[in-house]
Amino acid sequence: MKLSKLLTNCCPPLLSGFIKAEAAAQLAAMFRVLGEPARLQILSIIASHPNGEVCVCELTEPLGLSQPTVSHHLKVLYETGLLQKERRGNWIYYSLVPQQLDALRNALLIPQREDT
């Protein structure tokens, strides 16, 4: 089963209790992918783009990276389930997968403690 499918179904907030080994491994893989600064920049650029999608040609200049390097990062983000893609002629447009970002966000939620 694809990591992205597992992540959306598996992961309670990390600090809400004991996290099972499988869920920990899945989240660690996702966070490992996000440990690369260029990938965080890619997500940021896509999220802030007016159409919510970008082509690789729109990423090379702002990132200061070559097209093959940007394409590699996009592939990793896509395979992890953080991005979806749509081919239009010769170009591929990438957009965020909100459910995956929500799963990461929810995993990091810190439960509020009531003051006594």
# chains A, B, ... in the order shown; residues from 1 in each chain; ligands from 1
$ residues_around --residues "range 79-95 of chain A" --least-positions-apart "5" --cutoff "8 Å" --atoms "only C-alpha atoms" --output "PyMOL selection string"
chain A and resi 3-5+30+33+46-47+52-56+74+100-101
$ write_last_selection --atoms "N, CA, C and O atoms" --output "PDB file, in the first residue's frame"
ATOM      1  N   LEU A   3       2.485   4.820   0.777  1.00  0.00           N
ATOM      2  CA  LEU A   3       2.689   5.547   2.018  1.00  0.00           C
ATOM      3  C   LEU A   3       1.622   6.614   2.222  1.00  0.00           C
ATOM      4  O   LEU A   3       1.099   6.778   3.315  1.00  0.00           O
ATOM      5  N   SER A   4       1.273   7.322   1.167  1.00  0.00           N
ATOM      6  CA  SER A   4       0.292   8.401   1.306  1.00  0.00           C
ATOM      7  C   SER A   4      -1.057   7.886   1.772  1.00  0.00           C
ATOM      8  O   SER A   4      -1.729   8.517   2.577  1.00  0.00           O
ATOM      9  N   LYS A   5      -1.474   6.731   1.291  1.00  0.00           N
ATOM     10  CA  LYS A   5      -2.750   6.131   1.684  1.00  0.00           C
ATOM     11  C   LYS A   5      -2.688   5.722   3.154  1.00  0.00           C
ATOM     12  O   LYS A   5      -3.628   5.946   3.911  1.00  0.00           O
ATOM     13  N   MET A  30       7.588  10.540   6.034  1.00  0.00           N
ATOM     14  CA  MET A  30       7.036  11.783   5.512  1.00  0.00           C
ATOM     15  C   MET A  30       7.869  12.978   5.988  1.00  0.00           C
ATOM     16  O   MET A  30       8.222  13.857   5.196  1.00  0.00           O
ATOM     17  N   VAL A  33      11.225  13.303   4.190  1.00  0.00           N
ATOM     18  CA  VAL A  33      11.100  13.935   2.876  1.00  0.00           C
ATOM     19  C   VAL A  33      11.065  15.460   3.038  1.00  0.00           C
ATOM     20  O   VAL A  33      11.637  16.194   2.236  1.00  0.00           O
ATOM     21  N   ILE A  46       3.994  26.389  -4.249  1.00  0.00           N
ATOM     22  CA  ILE A  46       2.737  25.860  -4.775  1.00  0.00           C
ATOM     23  C   ILE A  46       1.556  26.372  -3.952  1.00  0.00           C
ATOM     24  O   ILE A  46       0.539  26.805  -4.499  1.00  0.00           O
ATOM     25  N   ALA A  47       1.687  26.336  -2.625  1.00  0.00           N
ATOM     26  CA  ALA A  47       0.597  26.780  -1.753  1.00  0.00           C
ATOM     27  C   ALA A  47       0.258  28.249  -1.959  1.00  0.00           C
ATOM     28  O   ALA A  47      -0.900  28.637  -1.863  1.00  0.00           O
ATOM     29  N   GLY A  52      -2.861  27.616  -7.240  1.00  0.00           N
ATOM     30  CA  GLY A  52      -2.633  26.453  -6.396  1.00  0.00           C
ATOM     31  C   GLY A  52      -1.929  25.316  -7.109  1.00  0.00           C
ATOM     32  O   GLY A  52      -1.942  24.185  -6.635  1.00  0.00           O
ATOM     33  N   GLU A  53      -1.310  25.617  -8.244  1.00  0.00           N
ATOM     34  CA  GLU A  53      -0.586  24.600  -8.999  1.00  0.00           C
ATOM     35  C   GLU A  53       0.544  25.281  -9.756  1.00  0.00           C
ATOM     36  O   GLU A  53       0.455  26.466 -10.084  1.00  0.00           O
ATOM     37  N   VAL A  54       1.607  24.527  -9.999  1.00  0.00           N
ATOM     38  CA  VAL A  54       2.732  25.066 -10.761  1.00  0.00           C
ATOM     39  C   VAL A  54       3.325  23.994 -11.655  1.00  0.00           C
ATOM     40  O   VAL A  54       3.178  22.795 -11.409  1.00  0.00           O
ATOM     41  N   CYS A  55       4.012  24.464 -12.667  1.00  0.00           N
ATOM     42  CA  CYS A  55       4.763  23.618 -13.579  1.00  0.00           C
ATOM     43  C   CYS A  55       6.234  23.698 -13.143  1.00  0.00           C
ATOM     44  O   CYS A  55       6.651  24.695 -12.546  1.00  0.00           O
ATOM     45  N   VAL A  56       6.993  22.666 -13.438  1.00  0.00           N
ATOM     46  CA  VAL A  56       8.410  22.669 -13.080  1.00  0.00           C
ATOM     47  C   VAL A  56       9.108  23.909 -13.615  1.00  0.00           C
ATOM     48  O   VAL A  56      10.002  24.461 -12.968  1.00  0.00           O
ATOM     49  N   LEU A  74      10.265  17.169  -7.016  1.00  0.00           N
ATOM     50  CA  LEU A  74       8.835  17.008  -7.286  1.00  0.00           C
ATOM     51  C   LEU A  74       8.444  15.538  -7.295  1.00  0.00           C
ATOM     52  O   LEU A  74       7.396  15.158  -6.759  1.00  0.00           O
ATOM     53  N   GLN A 100      -3.028  15.089   2.940  1.00  0.00           N
ATOM     54  CA  GLN A 100      -1.719  14.689   3.448  1.00  0.00           C
ATOM     55  C   GLN A 100      -1.145  15.762   4.369  1.00  0.00           C
ATOM     56  O   GLN A 100      -0.568  15.445   5.403  1.00  0.00           O
ATOM     57  N   LEU A 101      -1.310  17.009   3.990  1.00  0.00           N
ATOM     58  CA  LEU A 101      -0.833  18.093   4.844  1.00  0.00           C
ATOM     59  C   LEU A 101      -1.627  18.129   6.144  1.00  0.00           C
ATOM     60  O   LEU A 101      -1.069  18.380   7.210  1.00  0.00           O
TER      61      LEU A 101
END
$ residues_around --residues "Glu36 in chain A" --least-positions-apart "2" --cutoff "12 Å" --atoms "only C-alpha atoms" --output "list in words"
Met30, Phe31, Arg32, Val33, Leu34, Ala38, Arg39, Leu40, Gln41, Ile42, Leu43, Val70, His72, His73, Leu74, Val76 and Leu77 of chain A
$ write_last_selection --atoms "C-alpha atoms" --output "compact mmCIF listing (two decimals), in the first residue's frame"
# COMPACT_ATOMS: atom_id res chain seq x y z
CA MET A 30 7.04 11.78 5.51
CA PHE A 31 8.97 14.13 7.78
CA ARG A 32 12.28 12.85 6.34
CA VAL A 33 11.10 13.94 2.88
CA LEU A 34 10.31 17.37 4.30
CA ALA A 38 14.15 22.83 -1.39
CA ARG A 39 11.12 20.58 -0.88
CA LEU A 40 9.71 22.90 1.77
CA GLN A 41 10.23 25.80 -0.62
CA ILE A 42 8.42 23.90 -3.38
CA LEU A 43 5.43 23.29 -1.11
CA VAL A 70 13.61 20.38 -9.28
CA HIS A 72 13.69 15.03 -8.70
CA HIS A 73 12.29 16.91 -5.69
CA LEU A 74 8.83 17.01 -7.29
CA VAL A 76 9.90 12.57 -4.27
CA LEU A 77 7.06 14.80 -3.04
$ select_by_dssp --residues "range 55-108 of chain A" --states "strand (DSSP E or B)" --output "list of chain:residue names"
A:Cys55, A:Leu83, A:Gln84, A:Lys85, A:Glu86, A:Arg87, A:Arg88, A:Trp91, A:Ile92, A:Tyr93, A:Tyr94, A:Ser95, A:Leu96
$ closest_residue --among "A:Asp102, A:Ser66, A:Ser71, A:Leu96" --to "His49 in chain A" --atoms "only C-alpha atoms"
A:Leu96
$ residues_around --residues "Leu27 in chain A" --least-positions-apart "2" --cutoff "9 Å" --atoms "only C-alpha atoms" --output "ChimeraX atom specification"
/A:7,11,22-25,29-32,104,107
$ decode --residues "range 28-41 of chain A" --atoms "all heavy atoms" --output "PDB file, in the first residue's frame"
ATOM      1  N   ALA A  28       7.655   9.227  10.126  1.00  0.00           N
ATOM      2  CA  ALA A  28       9.081   9.534   9.997  1.00  0.00           C
ATOM      3  C   ALA A  28       9.484   9.639   8.534  1.00  0.00           C
ATOM      4  O   ALA A  28      10.257  10.529   8.155  1.00  0.00           O
ATOM      5  CB  ALA A  28       9.917   8.472  10.705  1.00  0.00           C
ATOM      6  N   ALA A  29       8.951   8.750   7.699  1.00  0.00           N
ATOM      7  CA  ALA A  29       9.262   8.807   6.266  1.00  0.00           C
ATOM      8  C   ALA A  29       8.774  10.121   5.662  1.00  0.00           C
ATOM      9  O   ALA A  29       9.479  10.749   4.869  1.00  0.00           O
ATOM     10  CB  ALA A  29       8.646   7.610   5.542  1.00  0.00           C
ATOM     11  N   MET A  30       7.588  10.540   6.034  1.00  0.00           N
ATOM     12  CA  MET A  30       7.036  11.783   5.512  1.00  0.00           C
ATOM     13  C   MET A  30       7.869  12.978   5.988  1.00  0.00           C
ATOM     14  O   MET A  30       8.222  13.857   5.196  1.00  0.00           O
ATOM     15  CB  MET A  30       5.584  11.936   5.953  1.00  0.00           C
ATOM     16  CG  MET A  30       4.891  13.118   5.352  1.00  0.00           C
ATOM     17  SD  MET A  30       4.522  12.978   3.608  1.00  0.00           S
ATOM     18  CE  MET A  30       3.264  11.737   3.630  1.00  0.00           C
ATOM     19  N   PHE A  31       8.184  13.015   7.263  1.00  0.00           N
ATOM     20  CA  PHE A  31       8.972  14.126   7.780  1.00  0.00           C
ATOM     21  C   PHE A  31      10.393  14.122   7.216  1.00  0.00           C
ATOM     22  O   PHE A  31      10.979  15.182   7.012  1.00  0.00           O
ATOM     23  CB  PHE A  31       8.982  14.125   9.307  1.00  0.00           C
ATOM     24  CG  PHE A  31       7.688  14.603   9.899  1.00  0.00           C
ATOM     25  CD1 PHE A  31       6.915  13.753  10.676  1.00  0.00           C
ATOM     26  CD2 PHE A  31       7.226  15.889   9.682  1.00  0.00           C
ATOM     27  CE1 PHE A  31       5.711  14.182  11.219  1.00  0.00           C
ATOM     28  CE2 PHE A  31       6.023  16.333  10.217  1.00  0.00           C
ATOM     29  CZ  PHE A  31       5.272  15.473  10.989  1.00  0.00           C
ATOM     30  N   ARG A  32      10.944  12.952   6.944  1.00  0.00           N
ATOM     31  CA  ARG A  32      12.275  12.847   6.336  1.00  0.00           C
ATOM     32  C   ARG A  32      12.278  13.534   4.962  1.00  0.00           C
ATOM     33  O   ARG A  32      13.196  14.268   4.625  1.00  0.00           O
ATOM     34  CB  ARG A  32      12.693  11.380   6.227  1.00  0.00           C
ATOM     35  CG  ARG A  32      14.123  11.171   5.894  1.00  0.00           C
ATOM     36  CD  ARG A  32      14.600   9.713   6.020  1.00  0.00           C
ATOM     37  NE  ARG A  32      13.607   8.665   5.945  1.00  0.00           N
ATOM     38  CZ  ARG A  32      13.083   8.012   6.999  1.00  0.00           C
ATOM     39  NH1 ARG A  32      13.468   8.297   8.234  1.00  0.00           N
ATOM     40  NH2 ARG A  32      12.188   7.063   6.828  1.00  0.00           N
ATOM     41  N   VAL A  33      11.225  13.303   4.190  1.00  0.00           N
ATOM     42  CA  VAL A  33      11.100  13.935   2.876  1.00  0.00           C
ATOM     43  C   VAL A  33      11.065  15.460   3.038  1.00  0.00           C
ATOM     44  O   VAL A  33      11.637  16.194   2.236  1.00  0.00           O
ATOM     45  CB  VAL A  33       9.846  13.421   2.145  1.00  0.00           C
ATOM     46  CG1 VAL A  33       9.464  14.303   0.975  1.00  0.00           C
ATOM     47  CG2 VAL A  33      10.064  11.992   1.688  1.00  0.00           C
ATOM     48  N   LEU A  34      10.423  15.929   4.076  1.00  0.00           N
ATOM     49  CA  LEU A  34      10.305  17.369   4.301  1.00  0.00           C
ATOM     50  C   LEU A  34      11.553  17.977   4.943  1.00  0.00           C
ATOM     51  O   LEU A  34      11.624  19.184   5.127  1.00  0.00           O
ATOM     52  CB  LEU A  34       9.077  17.671   5.166  1.00  0.00           C
ATOM     53  CG  LEU A  34       7.744  17.351   4.502  1.00  0.00           C
ATOM     54  CD1 LEU A  34       6.605  17.570   5.473  1.00  0.00           C
ATOM     55  CD2 LEU A  34       7.563  18.167   3.245  1.00  0.00           C
ATOM     56  N   GLY A  35      12.538  17.136   5.255  1.00  0.00           N
ATOM     57  CA  GLY A  35      13.778  17.622   5.834  1.00  0.00           C
ATOM     58  C   GLY A  35      14.688  18.308   4.824  1.00  0.00           C
ATOM     59  O   GLY A  35      15.723  18.856   5.193  1.00  0.00           O
ATOM     60  N   GLU A  36      14.322  18.303   3.575  1.00  0.00           N
ATOM     61  CA  GLU A  36      15.099  18.949   2.507  1.00  0.00           C
ATOM     62  C   GLU A  36      14.531  20.356   2.288  1.00  0.00           C
ATOM     63  O   GLU A  36      13.356  20.509   1.917  1.00  0.00           O
ATOM     64  CB  GLU A  36      14.992  18.113   1.232  1.00  0.00           C
ATOM     65  CG  GLU A  36      15.500  18.770  -0.010  1.00  0.00           C
ATOM     66  CD  GLU A  36      16.964  19.158   0.074  1.00  0.00           C
ATOM     67  OE1 GLU A  36      17.778  18.325   0.508  1.00  0.00           O
ATOM     68  OE2 GLU A  36      17.279  20.297  -0.293  1.00  0.00           O
ATOM     69  N   PRO A  37      15.340  21.395   2.503  1.00  0.00           N
ATOM     70  CA  PRO A  37      14.835  22.762   2.369  1.00  0.00           C
ATOM     71  C   PRO A  37      14.181  23.071   1.016  1.00  0.00           C
ATOM     72  O   PRO A  37      13.159  23.768   0.974  1.00  0.00           O
ATOM     73  CB  PRO A  37      16.080  23.633   2.585  1.00  0.00           C
ATOM     74  CG  PRO A  37      16.972  22.785   3.431  1.00  0.00           C
ATOM     75  CD  PRO A  37      16.727  21.369   2.975  1.00  0.00           C
ATOM     76  N   ALA A  38      14.733  22.556  -0.066  1.00  0.00           N
ATOM     77  CA  ALA A  38      14.147  22.830  -1.390  1.00  0.00           C
ATOM     78  C   ALA A  38      12.731  22.284  -1.477  1.00  0.00           C
ATOM     79  O   ALA A  38      11.865  22.897  -2.110  1.00  0.00           O
ATOM     80  CB  ALA A  38      15.016  22.241  -2.494  1.00  0.00           C
ATOM     81  N   ARG A  39      12.463  21.164  -0.829  1.00  0.00           N
ATOM     82  CA  ARG A  39      11.116  20.583  -0.878  1.00  0.00           C
ATOM     83  C   ARG A  39      10.133  21.429  -0.090  1.00  0.00           C
ATOM     84  O   ARG A  39       8.980  21.596  -0.496  1.00  0.00           O
ATOM     85  CB  ARG A  39      11.143  19.147  -0.377  1.00  0.00           C
ATOM     86  CG  ARG A  39      11.943  18.259  -1.313  1.00  0.00           C
ATOM     87  CD  ARG A  39      11.978  16.828  -0.870  1.00  0.00           C
ATOM     88  NE  ARG A  39      12.955  16.117  -1.680  1.00  0.00           N
ATOM     89  CZ  ARG A  39      13.749  15.174  -1.228  1.00  0.00           C
ATOM     90  NH1 ARG A  39      13.665  14.760   0.019  1.00  0.00           N
ATOM     91  NH2 ARG A  39      14.623  14.597  -2.033  1.00  0.00           N
ATOM     92  N   LEU A  40      10.579  21.980   1.027  1.00  0.00           N
ATOM     93  CA  LEU A  40       9.710  22.896   1.772  1.00  0.00           C
ATOM     94  C   LEU A  40       9.431  24.147   0.953  1.00  0.00           C
ATOM     95  O   LEU A  40       8.305  24.648   0.941  1.00  0.00           O
ATOM     96  CB  LEU A  40      10.359  23.272   3.106  1.00  0.00           C
ATOM     97  CG  LEU A  40      10.415  22.166   4.150  1.00  0.00           C
ATOM     98  CD1 LEU A  40      11.210  22.625   5.364  1.00  0.00           C
ATOM     99  CD2 LEU A  40       9.028  21.714   4.543  1.00  0.00           C
ATOM    100  N   GLN A  41      10.442  24.634   0.241  1.00  0.00           N
ATOM    101  CA  GLN A  41      10.235  25.799  -0.619  1.00  0.00           C
ATOM    102  C   GLN A  41       9.246  25.477  -1.735  1.00  0.00           C
ATOM    103  O   GLN A  41       8.391  26.306  -2.067  1.00  0.00           O
ATOM    104  CB  GLN A  41      11.566  26.260  -1.221  1.00  0.00           C
ATOM    105  CG  GLN A  41      12.478  26.928  -0.219  1.00  0.00           C
ATOM    106  CD  GLN A  41      13.764  27.361  -0.881  1.00  0.00           C
ATOM    107  OE1 GLN A  41      14.557  26.545  -1.309  1.00  0.00           O
ATOM    108  NE2 GLN A  41      13.945  28.669  -0.976  1.00  0.00           N
TER     109      GLN A  41
END
